[in-house]
Structure formats: C-alpha cells, structure tokens
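Colleague: Sharing a structure below in structure tokens format, with a few things to ask.
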Amino acid sequence: MRKLSLAAAILLAFAAPALAQDIPSPESVIAMVDTNKDGGIDPMEWAAGPAPIPYPAEADTNKDGKIDLAELTALFASFQNQG
C-alpha cells in the first residue's frame, strides 16, 4: 500500500506542472530534475523538484547516492505492476 501511494504522489507531482497532460516518462523526469546533468537524481535535486514526498532512497538500488534512469524506470514499472 505504501508503494502505491508513493507511486501516485510521484506521478501526480511530475504530471501536475504539465497540467493534466500524459504522465511523464522516466526520461523526462530525469531531464527535468537532474539539474547537474550527471544522469541521476540525488536527494538535493529531488528536494528541489516538484515531488511532494521524501526522496525514495529504496529506488537507489546500487546505493550510489542517486536514482539513475534504469532505477527510475524500475520504480515506475513497480508502480504499474501493483495496479
């Protein structure tokens, strides 16, 4: 249940600026939030972005301190599989 609400919050947070357009892809989320352009979202970038939830540290599966495209894609897929 926690993952489902986390998924909804993440997807809504990133979709809200688009004003009801399609849910953004993981690629577009990385492009929007990865301000230092290192290919991942670190906790500071996440906090500065539109997501109203804490940094989802569990998505950083390789524990390198950032969520890269593969990890974000897996996180989004896990939300879809719970629906």
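Numbering starts fresh at 1 for the residues of each chain in the structure tokens, the chains themselves are lettered A, B, ... in the order given, and ligands are numbered from 1 as they appear.
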Can you pull out every residue within 9 Å of region 40-42 of chain A, counting only C-alpha atoms, but drop anything in the same chain fewer than 4 positions away, and send it as a VMD selection string?
Modeller: chain A and resid 30 33 to 36 46 to 47 55 65 to 69 72
Colleague: How many Å separate CA of Met32 (chain A) from CA of Gly49 (chain A)?
Modeller: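 Computing it gives 8.0 Å between the two atoms.
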Colleague: By how many Å are CA of Ala77 (chain A) and CA of Met44 (chain A) apart?
Modeller: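 That distance, rounded to one decimal, is 23.7 Å.
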Colleague: Give me, please, the distance in Å between CA of Asn62 (chain A) and CA of Ile23 (chain A), quoted to one decimal.
Modeller: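 Atom-to-atom, CA of Asn62 (chain A) to CA of Ile23 (chain A), that is 25.8 Å.
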Colleague: Extract, using only C-alpha atoms, all DNA, RNA and protein residues at most 10 Å from Thr73 (chain A), discarding same-chain residues fewer than 6 positions from it, and format them as a list in words.
Modeller: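 Counting only the stated atoms, we get Ser25, Pro26, Glu27, Ala59 and Ile67 of chain A.
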